[in-house]
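Data from entry_1.pdb: PDB, C-alpha atoms and all ligand atoms
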ATOM      1  CA  MET Y   1     -15.989 -12.104  12.784
ATOM      2  CA  THR Y   2     -15.814 -11.076  16.434
ATOM      3  CA  GLU Y   3     -18.358  -8.384  17.319
ATOM      4  CA  ILE Y   4     -16.665  -5.074  18.197
ATOM      5  CA  PRO Y   5     -18.776  -2.400  19.940
ATOM      6  CA  LYS Y   6     -18.848   0.843  17.887
ATOM      7  CA  SER Y   7     -18.243   2.796  21.081
ATOM      8  CA  HIS Y   8     -14.794   1.274  21.489
ATOM      9  CA  PRO Y   9     -12.213   4.113  21.321
ATOM     10  CA  ARG Y  10     -10.114   2.176  18.833
ATOM     11  CA  TYR Y  11     -12.989   0.700  16.858
ATOM     12  CA  GLU Y  12     -11.483   1.286  13.398
ATOM     13  CA  SER Y  13      -8.183  -0.271  14.365
ATOM     14  CA  LEU Y  14      -9.849  -3.346  15.859
ATOM     15  CA  LEU Y  15     -12.015  -3.713  12.787
ATOM     16  CA  MET Y  16      -8.912  -3.764  10.563
ATOM     17  CA  ARG Y  17      -7.329  -6.346  12.815
ATOM     18  CA  GLU Y  18     -10.440  -8.510  12.552
ATOM     19  CA  ARG Y  19     -10.369  -8.209   8.766
ATOM     20  CA  VAL Y  20      -6.782  -9.414   8.629
ATOM     21  CA  ILE Y  21      -7.524 -12.321  11.007
ATOM     22  CA  ASP Y  22     -10.583 -13.237   8.968
ATOM     23  CA  GLY Y  23      -8.421 -13.058   5.806
ATOM     24  CA  TYR Y  24      -6.001 -15.489   7.397
ATOM     25  CA  LYS Y  25      -8.836 -17.906   8.158
ATOM     26  CA  LYS Y  26     -10.004 -17.614   4.544
ATOM     27  CA  GLY Y  27      -6.528 -18.537   3.276
ATOM     28  CA  ILE Y  28      -5.893 -15.077   1.782
ATOM     29  CA  VAL Y  29      -3.459 -13.657   4.352
ATOM     30  CA  ALA Y  30      -0.199 -15.465   5.232
ATOM     31  CA  LEU Y  31       0.650 -16.088   8.878
ATOM     32  CA  ALA Y  32       3.513 -13.599   8.570
ATOM     33  CA  GLY Y  33       0.948 -11.083   7.290
ATOM     34  CA  LEU Y  34      -0.470 -10.878  10.805
ATOM     35  CA  ILE Y  35       2.935  -9.804  12.120
ATOM     36  CA  ALA Y  36       3.398  -7.269   9.302
ATOM     37  CA  HIS Y  37       0.007  -5.802  10.203
ATOM     38  CA  GLY Y  38       1.096  -5.437  13.828
ATOM     39  CA  ARG Y  39       4.172  -3.523  12.746
ATOM     40  CA  GLY Y  40       1.965  -1.168  10.751
ATOM     41  CA  GLU Y  41      -0.396  -0.720  13.723
ATOM     42  CA  ALA Y  42       2.475   0.445  15.928
ATOM     43  CA  PHE Y  43       3.351   3.246  13.500
ATOM     44  CA  ASP Y  44      -0.308   4.133  13.044
ATOM     45  CA  TYR Y  45      -0.685   4.499  16.811
ATOM     46  CA  ILE Y  46       2.221   6.934  16.856
ATOM     47  CA  ILE Y  47       0.938   9.123  14.017
ATOM     48  CA  GLY Y  48      -2.458   9.236  15.763
ATOM     49  CA  GLU Y  49      -4.346   7.043  13.251
ATOM     50  CA  LYS Y  50      -4.956  10.007  10.952
ATOM     51  CA  THR Y  51      -3.893  10.913   7.412
ATOM     52  CA  ARG Y  52      -1.336  13.682   7.856
ATOM     53  CA  GLY Y  53      -0.174  16.409   5.460
ATOM     54  CA  PHE Y  54       2.879  14.461   4.295
ATOM     55  CA  ALA Y  55       0.626  11.571   3.281
ATOM     56  CA  MET Y  56      -1.830  13.818   1.429
ATOM     57  CA  LYS Y  57       1.009  15.250  -0.674
ATOM     58  CA  ALA Y  58       2.270  11.763  -1.524
ATOM     59  CA  ILE Y  59      -1.222  10.480  -2.359
ATOM     60  CA  LYS Y  60      -1.699  13.315  -4.837
ATOM     61  CA  ALA Y  61       1.722  12.769  -6.451
ATOM     62  CA  GLY Y  62       1.187   9.002  -6.481
ATOM     63  CA  ALA Y  63      -2.193   9.383  -8.175
ATOM     64  CA  ALA Y  64      -0.588  11.603 -10.814
ATOM     65  CA  MET Y  65       2.406   9.303 -11.384
ATOM     66  CA  MET Y  66       0.143   6.293 -11.916
ATOM     67  CA  LEU Y  67      -1.991   8.211 -14.440
ATOM     68  CA  LEU Y  68       1.103   9.378 -16.312
ATOM     69  CA  GLY Y  69       2.473   5.850 -16.677
ATOM     70  CA  ARG Y  70       2.639   4.270 -20.113
ATOM     71  CA  LYS Y  71       1.548   1.134 -18.316
ATOM     72  CA  ALA Y  72       0.750   1.094 -14.607
ATOM     73  CA  VAL Y  73      -0.201  -1.847 -12.409
ATOM     74  CA  VAL Y  74      -1.183  -2.388  -8.759
ATOM     75  CA  SER Y  75       0.615  -5.248  -7.021
ATOM     76  CA  VAL Y  76      -1.662  -6.917  -4.477
ATOM     77  CA  ASN Y  77      -0.715  -9.182  -1.565
ATOM     78  CA  GLY Y  78      -2.970 -10.848   1.011
ATOM     79  CA  ASN Y  79      -3.072  -7.973   3.508
ATOM     80  CA  THR Y  80      -3.840  -5.397   0.832
ATOM     81  CA  ALA Y  81      -6.578  -7.619  -0.629
ATOM     82  CA  VAL Y  82      -8.458  -8.038   2.649
ATOM     83  CA  LEU Y  83      -8.021  -4.465   3.865
ATOM     84  CA  VAL Y  84      -9.211  -2.530   0.791
ATOM     85  CA  PRO Y  85     -10.942  -4.878  -1.691
ATOM     86  CA  ASP Y  86     -13.649  -2.390  -2.692
ATOM     87  CA  SER Y  87     -11.238   0.485  -3.263
ATOM     88  CA  LEU Y  88      -8.934  -1.755  -5.313
ATOM     89  CA  ALA Y  89     -11.817  -2.759  -7.565
ATOM     90  CA  GLU Y  90     -13.083   0.820  -7.824
ATOM     91  CA  TYR Y  91      -9.630   2.143  -8.701
ATOM     92  CA  SER Y  92      -9.094  -0.512 -11.347
ATOM     93  CA  LYS Y  93     -12.517   0.122 -12.919
ATOM     94  CA  LEU Y  94     -11.989   3.872 -12.907
ATOM     95  CA  THR Y  95      -8.518   3.859 -14.486
ATOM     96  CA  GLY Y  96      -8.317   0.585 -16.420
ATOM     97  CA  ILE Y  97      -5.132  -0.146 -14.433
ATOM     98  CA  PRO Y  98      -5.023  -3.892 -13.654
ATOM     99  CA  LEU Y  99      -4.401  -5.557 -10.294
ATOM    100  CA  GLU Y 100      -1.722  -8.234 -10.075
ATOM    101  CA  VAL Y 101      -1.497 -10.865  -7.355
ATOM    102  CA  ASN Y 102       2.106 -11.053  -6.233
ATOM    103  CA  LEU Y 103       3.007 -12.885  -3.061
ATOM    104  CA  PHE Y 104       6.044 -13.327  -0.860
ATOM    105  CA  TYR Y 105       4.581 -16.505   0.679
ATOM    106  CA  ARG Y 106       3.300 -17.889  -2.584
ATOM    107  CA  THR Y 107       1.100 -20.951  -2.760
ATOM    108  CA  ARG Y 108      -1.285 -21.850  -5.568
ATOM    109  CA  GLU Y 109      -4.182 -21.952  -3.074
ATOM    110  CA  ARG Y 110      -3.511 -18.486  -1.770
ATOM    111  CA  GLU Y 111      -3.084 -17.009  -5.247
ATOM    112  CA  GLU Y 112      -6.378 -18.482  -6.346
ATOM    113  CA  ALA Y 113      -8.122 -17.419  -3.123
ATOM    114  CA  ILE Y 114      -6.972 -13.811  -3.665
ATOM    115  CA  TYR Y 115      -7.982 -13.913  -7.327
ATOM    116  CA  THR Y 116     -11.494 -15.105  -6.443
ATOM    117  CA  TRP Y 117     -11.770 -12.593  -3.582
ATOM    118  CA  LEU Y 118     -10.797  -9.631  -5.778
ATOM    119  CA  LYS Y 119     -13.079 -10.779  -8.594
ATOM    120  CA  SER Y 120     -16.008 -11.157  -6.190
ATOM    121  CA  HIS Y 121     -15.455  -7.515  -5.169
ATOM    122  CA  GLY Y 122     -15.774  -6.417  -8.789
ATOM    123  CA  ALA Y 123     -12.146  -6.157  -9.934
ATOM    124  CA  PRO Y 124     -12.221  -6.208 -13.759
ATOM    125  CA  GLU Y 125      -8.747  -7.623 -14.442
ATOM    126  CA  VAL Y 126      -6.637  -9.632 -12.010
ATOM    127  CA  LEU Y 127      -3.247 -10.714 -13.360
ATOM    128  CA  GLY Y 128      -0.534 -13.013 -12.055
ATOM    129  CA  VAL Y 129      -2.644 -16.120 -11.424
ATOM    130  CA  TYR Y 130      -4.114 -17.538 -14.642
ATOM    131  CA  ASP Y 131      -2.198 -15.559 -17.262
ATOM    132  CA  GLU Y 132       1.336 -16.090 -18.508
ATOM    133  CA  THR Y 133       4.161 -15.294 -16.087
ATOM    134  CA  THR Y 134       7.912 -14.822 -16.332
ATOM    135  CA  ILE Y 135      10.899 -14.161 -14.081
ATOM    136  CA  LEU Y 136      11.865 -10.702 -12.849
ATOM    137  CA  GLU Y 137      15.618 -10.816 -12.280
ATOM    138  CA  GLY Y 138      17.222  -9.730  -9.026
ATOM    139  CA  LEU Y 139      14.873 -11.519  -6.640
ATOM    140  CA  GLU Y 140      15.307 -14.744  -4.717
ATOM    141  CA  SER Y 141      11.796 -15.351  -3.494
ATOM    142  CA  TRP Y 142       8.657 -16.398  -5.295
ATOM    143  CA  ARG Y 143       7.746 -12.822  -5.942
ATOM    144  CA  ARG Y 144      10.096 -12.858  -8.902
ATOM    145  CA  VAL Y 145       7.362 -14.621 -10.844
ATOM    146  CA  VAL Y 146       5.441 -11.774 -12.463
ATOM    147  CA  SER Y 147       2.770 -11.438 -15.113
ATOM    148  CA  ILE Y 148       4.056 -10.636 -18.603
ATOM    149  CA  LYS Y 149       1.038  -8.411 -19.195
ATOM    150  CA  GLY Y 150       1.438  -6.798 -15.779
ATOM    151  CA  ILE Y 151       4.469  -5.980 -13.632
ATOM    152  CA  TYR Y 152       6.968  -7.336 -16.164
ATOM    153  CA  SER Y 153       6.031  -4.820 -18.838
ATOM    154  CA  ALA Y 154       4.869  -1.993 -16.560
ATOM    155  CA  ASP Y 155       6.759   1.268 -16.131
ATOM    156  CA  VAL Y 156       4.940   2.308 -12.926
ATOM    157  CA  VAL Y 157       4.002  -0.069 -10.115
ATOM    158  CA  LEU Y 158       2.005   0.632  -6.975
ATOM    159  CA  VAL Y 159       3.257  -1.816  -4.344
ATOM    160  CA  PRO Y 160       1.533  -1.288  -1.014
ATOM    161  CA  LEU Y 161       2.740  -3.024   2.168
ATOM    162  CA  GLU Y 162       5.761  -4.365   0.376
ATOM    163  CA  ASP Y 163       9.078  -5.882   1.378
ATOM    164  CA  GLY Y 164      12.244  -3.865   0.770
ATOM    165  CA  ASP Y 165      14.009  -6.427  -1.433
ATOM    166  CA  ARG Y 166      11.186  -6.436  -3.903
ATOM    167  CA  THR Y 167      10.968  -2.678  -4.100
ATOM    168  CA  GLU Y 168      14.698  -2.485  -4.699
ATOM    169  CA  ALA Y 169      14.467  -5.102  -7.483
ATOM    170  CA  LEU Y 170      11.642  -3.208  -9.160
ATOM    171  CA  LYS Y 171      13.707  -0.030  -9.020
ATOM    172  CA  LYS Y 172      16.704  -1.855 -10.542
ATOM    173  CA  THR Y 173      14.630  -2.824 -13.561
ATOM    174  CA  GLY Y 174      13.997   0.870 -14.107
ATOM    175  CA  LYS Y 175      10.390   1.009 -12.955
ATOM    176  CA  LYS Y 176       8.831   3.823 -10.994
ATOM    177  CA  VAL Y 177       7.535   2.656  -7.620
ATOM    178  CA  VAL Y 178       4.732   4.134  -5.544
ATOM    179  CA  THR Y 179       4.127   2.581  -2.128
ATOM    180  CA  ILE Y 180       1.853   2.842   0.880
ATOM    181  CA  ASP Y 181       3.768   2.040   4.049
ATOM    182  CA  LEU Y 182       3.173   3.267   7.590
ATOM    183  CA  ASN Y 183       6.848   2.859   8.444
ATOM    184  CA  PRO Y 184       8.877   5.740   6.962
ATOM    185  CA  PHE Y 185      12.099   3.936   8.002
ATOM    186  CA  SER Y 186      11.410   0.729   6.064
ATOM    187  CA  ARG Y 187      13.579  -0.091   3.084
ATOM    188  CA  THR Y 188      10.517   0.043   0.860
ATOM    189  CA  SER Y 189       9.738   3.569   2.038
ATOM    190  CA  GLN Y 190      13.307   4.617   1.373
ATOM    191  CA  TYR Y 191      13.610   3.014  -2.090
ATOM    192  CA  ALA Y 192      10.251   4.083  -3.524
ATOM    193  CA  ASP Y 193       9.824   7.136  -5.749
ATOM    194  CA  ILE Y 194       6.688   8.092  -3.860
ATOM    195  CA  THR Y 195       5.981   6.885  -0.315
ATOM    196  CA  ILE Y 196       2.548   7.341   1.189
ATOM    197  CA  VAL Y 197       3.111   7.087   4.950
ATOM    198  CA  ASP Y 198      -0.426   6.256   5.994
ATOM    199  CA  ASN Y 199      -2.693   3.334   6.729
ATOM    200  CA  ILE Y 200      -3.802   1.735   3.489
ATOM    201  CA  CYS Y 201      -7.401   1.737   4.754
ATOM    202  CA  ARG Y 202      -7.413   5.541   4.813
ATOM    203  CA  ALA Y 203      -4.973   6.151   1.952
ATOM    204  CA  PHE Y 204      -6.523   4.008  -0.768
ATOM    205  CA  PRO Y 205      -9.985   5.617  -0.773
ATOM    206  CA  LEU Y 206      -8.235   9.015  -0.888
ATOM    207  CA  LEU Y 207      -6.117   7.829  -3.806
ATOM    208  CA  VAL Y 208      -9.307   6.891  -5.647
ATOM    209  CA  ASN Y 209     -10.779  10.353  -4.989
ATOM    210  CA  TYR Y 210      -7.664  12.185  -6.158
ATOM    211  CA  THR Y 211      -7.445   9.988  -9.226
ATOM    212  CA  ARG Y 212     -11.028  10.831 -10.158
ATOM    213  CA  GLU Y 213     -10.190  14.533  -9.860
ATOM    214  CA  LEU Y 214      -6.856  14.339 -11.727
ATOM    215  CA  MET Y 215      -8.108  12.152 -14.582
ATOM    216  CA  ASN Y 216      -9.747  15.140 -16.211
ATOM    217  CA  LYS Y 217      -6.700  17.394 -16.013
ATOM    218  CA  PRO Y 218      -4.207  17.926 -18.828
ATOM    219  CA  ARG Y 219      -1.034  15.837 -18.804
ATOM    220  CA  GLN Y 220       1.090  18.884 -18.135
ATOM    221  CA  TYR Y 221      -0.806  19.545 -14.894
ATOM    222  CA  LEU Y 222      -0.023  16.001 -13.681
ATOM    223  CA  GLU Y 223       3.625  16.333 -14.722
ATOM    224  CA  GLU Y 224       3.941  19.483 -12.652
ATOM    225  CA  ILE Y 225       2.616  17.704  -9.568
ATOM    226  CA  VAL Y 226       5.144  14.889  -9.993
ATOM    227  CA  ASN Y 227       8.050  17.231 -10.805
ATOM    228  CA  ASN Y 228       7.361  19.382  -7.752
ATOM    229  CA  TYR Y 229       7.230  16.378  -5.466
ATOM    230  CA  ASN Y 230      10.270  15.383  -3.404
ATOM    231  CA  ASN Y 231      10.093  12.024  -1.628
ATOM    232  CA  LYS Y 232      13.105  12.620   0.631
ATOM    233  CA  GLU Y 233      11.425  15.769   1.881
ATOM    234  CA  THR Y 234       8.148  13.926   2.475
ATOM    235  CA  LEU Y 235       9.894  11.161   4.418
ATOM    236  CA  SER Y 236      11.746  13.743   6.492
ATOM    237  CA  GLU Y 237       8.445  15.415   7.290
ATOM    238  CA  ALA Y 238       6.938  12.092   8.360
ATOM    239  CA  ILE Y 239       9.924  11.300  10.579
ATOM    240  CA  ALA Y 240       9.933  14.798  12.090
ATOM    241  CA  PHE Y 241       6.213  14.450  12.759
ATOM    242  CA  ILE Y 242       6.815  11.160  14.586
ATOM    243  CA  ARG Y 243       9.653  12.722  16.598
ATOM    244  CA  ASP Y 244       7.533  15.718  17.618
ATOM    245  CA  ARG Y 245       4.548  13.570  18.499
ATOM    246  CA  LEU Y 246       6.676  11.321  20.656
ATOM    247  CA  THR Y 247       7.968  14.403  22.453
ATOM    248  CA  VAL Y 248       4.402  15.556  23.138
ATOM    249  CA  LEU Y 249       3.298  12.071  24.141
ATOM    250  CA  SER Y 250       6.203  11.719  26.549
ATOM    251  CA  TYR Y 251       4.765  14.656  28.541
ATOM    252  CA  PRO Y 252       1.133  13.649  29.092
ATOM    253  CA  PRO Y 253      -1.046  16.487  30.456
ATOM    254  CA  GLY Y 254      -1.068  15.000  33.938
ATOM    255  CA  LEU Y 255       2.715  15.032  34.113
ATOM    256  CA  GLN Y 256       3.440  18.399  32.545
ATOM    257  CA  GLY Y 257       5.275  20.788  34.787
ATOM    258  CA  GLN Y 258       6.278  18.054  37.207
TER     259      GLN Y 258
HETATM  260  P1  LIG Z 301      11.222  -3.504   4.641
HETATM  261  O1  LIG Z 301      11.444  -4.893   4.125
HETATM  262  O2  LIG Z 301      10.680  -2.558   3.600
HETATM  263  O3  LIG Z 301      12.382  -2.920   5.384
HETATM  264  P2  LIG Z 301       9.721  -4.650   6.867
HETATM  265  O4  LIG Z 301      10.525  -5.879   6.689
HETATM  266  O5  LIG Z 301       9.745  -3.940   8.165
HETATM  267  O6  LIG Z 301      10.026  -3.581   5.711
HETATM  268  P3  LIG Z 301       7.528  -5.973   5.649
HETATM  269  O7  LIG Z 301       6.809  -6.995   6.443
HETATM  270  O8  LIG Z 301       8.545  -6.439   4.657
HETATM  271  O9  LIG Z 301       8.186  -4.953   6.642
HETATM  272  O10 LIG Z 301       6.505  -5.026   4.905
HETATM  273  C1  LIG Z 301       5.281  -4.626   5.467
HETATM  274  C2  LIG Z 301       5.247  -3.121   5.658
HETATM  275  O11 LIG Z 301       3.887  -2.722   5.587
HETATM  276  C3  LIG Z 301       5.772  -2.670   7.023
HETATM  277  O12 LIG Z 301       6.636  -1.575   6.861
HETATM  278  C4  LIG Z 301       4.515  -2.225   7.794
HETATM  279  O13 LIG Z 301       4.765  -1.139   8.641
HETATM  280  C5  LIG Z 301       3.588  -1.827   6.657
HETATM  281  N1  LIG Z 301       2.136  -1.984   6.960
HETATM  282  C6  LIG Z 301       1.510  -3.017   7.574
HETATM  283  N2  LIG Z 301       0.185  -2.828   7.643
HETATM  284  C7  LIG Z 301      -0.063  -1.643   7.038
HETATM  285  C8  LIG Z 301      -1.245  -0.898   6.755
HETATM  286  N3  LIG Z 301      -2.448  -1.326   7.145
HETATM  287  N4  LIG Z 301      -1.117   0.268   6.085
HETATM  288  C9  LIG Z 301       0.101   0.722   5.686
HETATM  289  N5  LIG Z 301       1.259   0.066   5.929
HETATM  290  C10 LIG Z 301       1.194  -1.096   6.590
HETATM  291 MG    MG Z 302      10.887  -6.776   4.835
END
Can the structure from this file be put into structure tokens for me?
Ligand code: ATP
Ligand code: MG
Amino acid sequence: MTEIPKSHPRYESLLMRERVIDGYKKGIVALAGLIAHGRGEAFDYIIGEKTRGFAMKAIKAGAAMMLLGRKAVVSVNGNTAVLVPDSLAEYSKLTGIPLEVNLFYRTREREEAIYTWLKSHGAPEVLGVYDETTILEGLESWRRVVSIKGIYSADVVLVPLEDGDRTEALKKTGKKVVTIDLNPFSRTSQYADITIVDNICRAFPLLVNYTRELMNKPRQYLEEIVNNYNNKETLSEAIAFIRDRLTVLSYPPGLQGQ
């Protein structure tokens, strides 16, 4: 990987970019994944590369919804796998919730590369590659091939960095969807039951922490969190935050009053 000086003002962001590029070279990330990452970066720049209040609320509700599921699963694509492999493995070990490789640009090589990558980071169960699969109706692309033990029979699915069509199809089959997506305007953000508008690199470790805390609480406590959560409100907050920040940014200190 290219050496990035720690003193660089956007060190974290450059590090993520390097991880995605490296993932592409390893055959884990699709070429289009580089573009998707760039789209995420633009939104992260605008929200100031920090986890905001609207994201914290959604992380907490998302953690609770996953724990309440009869059967939950985390759908993993190339970008997600290279950006947060340790957190994915930690989350799966902590909860017993499996990971499932599910790709838009599906090739056998990439599926196997992601499987091996996740396993080497300690993920206990990785579905969708070597186990039995079936077809999830309502989807054109290769992502309609899902694991019978995983997404197919799940009632709650965490689908980070996901395409809108897929999220809509999951919703149509009656599943609850939690997503992590920096773009509050994306179709995925709009369709999901819980949208975490934050960078996955910050959000996933926080999700693990919340999950650890919530695991010991009674079911009723988790149900209250989910029932009191309103995704439309959260998305509105995220969009209002972006609007206000753009207003501030359009009057840099040097220009104010001129
Ligand atoms: P949609 O299909 O939902 O309308 P889209 O076509 O704009 O969205 P996709 O490429 O299908 O985008 O999905 C990728 C999504 O993931 C984008 O909304 C992008 O902003 C988001 N994203 C990319 N990188 C990150 C990241 N590191 N953390 C969180 N979100 C990210
Ligand atoms: Mg899309």
Original post:
Of the candidates Y:Leu249, Y:Leu68, Y:Ala58, Y:Ala81, which one gets nearest to Ala30 in chain Y if we count only C-alpha atoms?
Top reply: Y:Ala81
Original post:
Any idea what the distance is between CA of Ala89 in chain Y and CA of Leu67 in chain Y?
Top reply: 16.3 Å
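Taking CA of Glu111 in chain Y and CA of Arg19 in chain Y as the two end points, the separation is 18.1 Å.
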**OP:** Pull out every residue that the PyMOL selection byres (((chain Y and resi 192) around 12) and not hetatm) matches in the shown coordinates and put them as a ChimeraX atom specification.
**Re:** /Y:58,62,156-172,174-181,184-191,193-197,230-232,234-235
**OP:** Counting all atoms listed in the file, select every polymer residue within 9 Å of (0.6, 15.0, 4.9) as defined in the file's coordinates, and provide the selection as a PyMOL selection string.
**Re:** chain Y and resi 51-59+196-198+234+237-238
Original post:
Could you state the separation of CA of Ile46 in chain Y and CA of Tyr11 in chain Y in Å, given to one decimal place?
Top reply: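 Separation of CA of Ile46 in chain Y and CA of Tyr11 in chain Y: 16.4 Å.
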Subject >> Spatial neighbours of Asn209 in chain Y, 10 Å, all atoms listed in the file, chain gap at least 4 places, as a PyMOL selection string >> reply: chain Y and resi 59-60+63+91+203-205+213-214
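Using only C-alpha atoms, the contacts of Leu103 in chain Y at a cut-off of 10 Å, with sequence neighbours closer than 2 positions omitted, comprise Y:Val29, Y:Ala30, Y:Ser75, Y:Val76, Y:Asn77, Y:Gly78, Y:Glu100, Y:Val101, Y:Tyr105, Y:Arg106, Y:Thr107, Y:Arg110, Y:Glu111, Y:Gly128, Y:Ser141, Y:Trp142, Y:Arg143, Y:Arg144, Y:Val145, Y:Val146, Y:Glu162.
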**OP:** Find, counting only C-alpha atoms and all ligand atoms, the residue in Y:Arg17, Y:Arg212, Y:Lys25, Y:Arg219 that gets nearest to ligand LIG 301 (chain Z).
**Re:**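 Result for the nearest residue to ligand LIG 301 (chain Z): Y:Arg17.
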Subject >> Shortest interatomic distance to Arg202 in chain Y - which of Y:Arg10, Y:Lys26, Y:Arg39, Y:Lys50, counting only C-alpha atoms >> reply: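 Of Y:Arg10, Y:Lys26, Y:Arg39, Y:Lys50, the one nearest Arg202 in chain Y is Y:Lys50, counting only C-alpha atoms.
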Subject >> Test item: which residues lie within 10 Å of (-5.4, -9.1, 12.5) counting all atoms listed in the file, as a list in words >> reply: Ser13, Leu14, Leu15, Met16, Arg17, Glu18, Arg19, Val20, Ile21, Asp22, Gly23, Tyr24, Val29, Leu31, Gly33, Leu34, Ile35, Ala36, His37, Gly38, Glu41 and Asn79 of chain Y
**OP:** Within 8 Å of Leu99 in chain Y, counting only C-alpha atoms, which residues show up once you throw out same-chain ones fewer than 6 positions away? Write them as a PyMOL selection string, please.
**Re:** chain Y and resi 73-76+88+92+123+125-127
**OP:** Can you work out which one of Y:Ile200, Y:Ile135, Y:Val84, Y:Leu246 has the shortest atom-to-atom distance to ligand LIG 301 (chain Z), counting only C-alpha atoms and all ligand atoms?
**Re:**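 Going through Y:Ile200, Y:Ile135, Y:Val84, Y:Leu246 one by one, the smallest distance to ligand LIG 301 (chain Z) is for Y:Ile200.
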Would you mind completing range 9-22 of chain Y to N, CA and C atoms and writing the output as a CSV table (one decimal), keeping the file's coordinate frame?
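Listed below is the output, part10.csv:
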chain,number,residue,atom,x,y,z
Y,9,PRO,N,-13.0,3.0,21.8
Y,9,PRO,CA,-12.2,4.1,21.3
Y,9,PRO,C,-11.3,3.8,20.1
Y,10,ARG,N,-11.0,2.5,20.0
Y,10,ARG,CA,-10.1,2.2,18.8
Y,10,ARG,C,-10.8,1.2,17.9
Y,11,TYR,N,-12.1,1.5,17.7
Y,11,TYR,CA,-13.0,0.7,16.9
Y,11,TYR,C,-12.4,0.4,15.5
Y,12,GLU,N,-12.0,1.5,14.8
Y,12,GLU,CA,-11.5,1.3,13.4
Y,12,GLU,C,-10.3,0.3,13.4
Y,13,SER,N,-9.4,0.5,14.3
Y,13,SER,CA,-8.2,-0.3,14.4
Y,13,SER,C,-8.5,-1.7,14.6
Y,14,LEU,N,-9.5,-2.0,15.5
Y,14,LEU,CA,-9.8,-3.3,15.9
Y,14,LEU,C,-10.6,-4.0,14.7
Y,15,LEU,N,-11.3,-3.2,14.0
Y,15,LEU,CA,-12.0,-3.7,12.8
Y,15,LEU,C,-11.0,-4.2,11.7
Y,16,MET,N,-10.0,-3.4,11.5
Y,16,MET,CA,-8.9,-3.8,10.6
Y,16,MET,C,-8.3,-5.1,11.0
Y,17,ARG,N,-8.0,-5.1,12.3
Y,17,ARG,CA,-7.3,-6.3,12.8
Y,17,ARG,C,-8.2,-7.6,12.6
Y,18,GLU,N,-9.5,-7.4,12.8
Y,18,GLU,CA,-10.4,-8.5,12.6
Y,18,GLU,C,-10.5,-8.9,11.1
Y,19,ARG,N,-10.4,-7.9,10.2
Y,19,ARG,CA,-10.4,-8.2,8.8
Y,19,ARG,C,-9.1,-9.0,8.4
Y,20,VAL,N,-8.0,-8.7,9.0
Y,20,VAL,CA,-6.8,-9.4,8.6
Y,20,VAL,C,-6.9,-10.8,9.2
Y,21,ILE,N,-7.4,-11.0,10.4
Y,21,ILE,CA,-7.5,-12.3,11.0
Y,21,ILE,C,-8.5,-13.2,10.2
Y,22,ASP,N,-9.6,-12.5,9.8
Y,22,ASP,CA,-10.6,-13.2,9.0
Y,22,ASP,C,-10.0,-13.7,7.6
